[in-house]
Amino acid sequence: MKIKSWFFVFIWILFQQSPAVASGLVRQPEREPMEISVRSIYKTLEELQSFGNRTTWEKQNQVADYLYNKLKPYKTLDVSYHLYTAEGKTWKNVVACISGKKDPETVYMVCAHYDSHPAGWESHRSAPGTDDNATGVAVLLEGARFLAGNPGNNTVEWVFFSNEEQDHKGSQAYAQELKAKGRSIKGVINIDTIGYTSPSWTALWPETQGKGFLRKGLSLAKQMIKKPIYFIQTGFKNPNEILLVGGRPANALFVDKIYSQLKGGDIGIKKNIGPQCG
């Protein structure tokens, strides 16, 4: 997994595709280039894994406090909890906001969910969630750290959602509050599972446990043919370095635009549009 590559692709998509976004959120080209800390990103991944599980049943509120404490030292960020109730309990989304210098009323949101879910949807299994979605959280934290010292013309909200794996409860509660308050968000980028590469056979075998012989064979066969297919689809790039650009049918034009502008780069790009995306 090459987080550095994914991070630069993410920043390029977010800040370079639209002139309006680029002028509002990033500093001018003549200034010194971005300083992205790969070490900081990996450190976040390790710390999130160390919770063991970040499921609804275990440590979501502890992780929320961890994120809050990571963001609070940046004096230019307004860091807060967004509290909501679901299934008789109070849960936390974490919000960090940096006001725009020229047009603070125009708001862009960058978000990721911090909860995880065990394989097979069984609550007792381990769910360290390194890819889904510690990778997205790590990118958001690094982006917030960078922009904290480099505010743009427009306001940016960094939002970390809880309970995404439970029917998107955290994001739904936040969206409902925005609607109730009449707040408008100019654009949203959601970062989810950006570190995945096709696993080795030793990693694949445990994923097939509990399946019958036929289903186990089909699962392994599917993984076996996936790499050469991706290799062809992405222009003979390394199948372990594929960036998936996905979205729902309603956002197909946007996905097509991003895909067309990224295709042909050093990293293999694959497009997926369907109701399961997002």
# chains A, B, ... in the order shown; residues from 1 in each chain; ligands from 1
$ residues_around --residues "Cys97 (chain A)" --least-positions-apart "5" --cutoff "8 Å" --atoms "only C-alpha atoms" --output "VMD selection string"
chain A and resid 77 to 79 155 to 158
$ closest_residue --among "A:Asn190, A:Thr44, A:Thr90, A:Asn53" --to "Cys111 (chain A)" --atoms "only C-alpha atoms"
A:Asn190
$ atom_distance --atom1 "CA of Arg54 (chain A)" --atom2 "CA of Ile185 (chain A)"
28.3 Å
$ atom_distance --atom1 "CA of Gly247 (chain A)" --atom2 "CA of Arg183 (chain A)"
23.8 Å
$ decode --residues "region 171-188 of chain A" --atoms "N, CA and C atoms" --output "PDB file, in the first residue's frame"
ATOM      1  N   SER A 171     -23.553  10.020   9.383  1.00  0.00           N
ATOM      2  CA  SER A 171     -23.640  10.996   8.293  1.00  0.00           C
ATOM      3  C   SER A 171     -25.081  11.446   8.068  1.00  0.00           C
ATOM      4  N   GLN A 172     -26.027  10.535   8.231  1.00  0.00           N
ATOM      5  CA  GLN A 172     -27.431  10.918   8.074  1.00  0.00           C
ATOM      6  C   GLN A 172     -27.841  11.943   9.128  1.00  0.00           C
ATOM      7  N   ALA A 173     -27.418  11.726  10.364  1.00  0.00           N
ATOM      8  CA  ALA A 173     -27.757  12.669  11.430  1.00  0.00           C
ATOM      9  C   ALA A 173     -27.149  14.037  11.160  1.00  0.00           C
ATOM     10  N   TYR A 174     -25.926  14.045  10.649  1.00  0.00           N
ATOM     11  CA  TYR A 174     -25.260  15.326  10.367  1.00  0.00           C
ATOM     12  C   TYR A 174     -25.933  16.042   9.200  1.00  0.00           C
ATOM     13  N   ALA A 175     -26.263  15.284   8.157  1.00  0.00           N
ATOM     14  CA  ALA A 175     -26.933  15.880   6.994  1.00  0.00           C
ATOM     15  C   ALA A 175     -28.303  16.439   7.377  1.00  0.00           C
ATOM     16  N   GLN A 176     -29.021  15.724   8.232  1.00  0.00           N
ATOM     17  CA  GLN A 176     -30.335  16.198   8.664  1.00  0.00           C
ATOM     18  C   GLN A 176     -30.220  17.501   9.449  1.00  0.00           C
ATOM     19  N   GLU A 177     -29.174  17.623  10.257  1.00  0.00           N
ATOM     20  CA  GLU A 177     -28.986  18.867  11.007  1.00  0.00           C
ATOM     21  C   GLU A 177     -28.623  20.022  10.073  1.00  0.00           C
ATOM     22  N   LEU A 178     -27.779  19.753   9.087  1.00  0.00           N
ATOM     23  CA  LEU A 178     -27.449  20.799   8.109  1.00  0.00           C
ATOM     24  C   LEU A 178     -28.703  21.303   7.405  1.00  0.00           C
ATOM     25  N   LYS A 179     -29.551  20.354   7.022  1.00  0.00           N
ATOM     26  CA  LYS A 179     -30.795  20.727   6.330  1.00  0.00           C
ATOM     27  C   LYS A 179     -31.698  21.542   7.244  1.00  0.00           C
ATOM     28  N   ALA A 180     -31.814  21.117   8.495  1.00  0.00           N
ATOM     29  CA  ALA A 180     -32.684  21.818   9.441  1.00  0.00           C
ATOM     30  C   ALA A 180     -32.206  23.245   9.686  1.00  0.00           C
ATOM     31  N   LYS A 181     -30.907  23.448   9.663  1.00  0.00           N
ATOM     32  CA  LYS A 181     -30.346  24.780   9.899  1.00  0.00           C
ATOM     33  C   LYS A 181     -30.263  25.607   8.622  1.00  0.00           C
ATOM     34  N   GLY A 182     -30.591  24.989   7.484  1.00  0.00           N
ATOM     35  CA  GLY A 182     -30.528  25.705   6.214  1.00  0.00           C
ATOM     36  C   GLY A 182     -29.126  25.966   5.723  1.00  0.00           C
ATOM     37  N   ARG A 183     -28.167  25.160   6.181  1.00  0.00           N
ATOM     38  CA  ARG A 183     -26.780  25.337   5.756  1.00  0.00           C
ATOM     39  C   ARG A 183     -26.549  24.681   4.402  1.00  0.00           C
ATOM     40  N   SER A 184     -25.761  25.336   3.578  1.00  0.00           N
ATOM     41  CA  SER A 184     -25.469  24.829   2.236  1.00  0.00           C
ATOM     42  C   SER A 184     -23.997  24.450   2.146  1.00  0.00           C
ATOM     43  N   ILE A 185     -23.733  23.269   1.598  1.00  0.00           N
ATOM     44  CA  ILE A 185     -22.368  22.802   1.381  1.00  0.00           C
ATOM     45  C   ILE A 185     -22.093  22.832  -0.120  1.00  0.00           C
ATOM     46  N   LYS A 186     -21.035  23.535  -0.508  1.00  0.00           N
ATOM     47  CA  LYS A 186     -20.726  23.706  -1.932  1.00  0.00           C
ATOM     48  C   LYS A 186     -20.301  22.396  -2.594  1.00  0.00           C
ATOM     49  N   GLY A 187     -19.541  21.591  -1.871  1.00  0.00           N
ATOM     50  CA  GLY A 187     -19.075  20.328  -2.430  1.00  0.00           C
ATOM     51  C   GLY A 187     -18.604  19.400  -1.334  1.00  0.00           C
ATOM     52  N   VAL A 188     -18.676  18.093  -1.588  1.00  0.00           N
ATOM     53  CA  VAL A 188     -18.294  17.085  -0.591  1.00  0.00           C
ATOM     54  C   VAL A 188     -17.387  16.057  -1.244  1.00  0.00           C
TER      55      VAL A 188
END
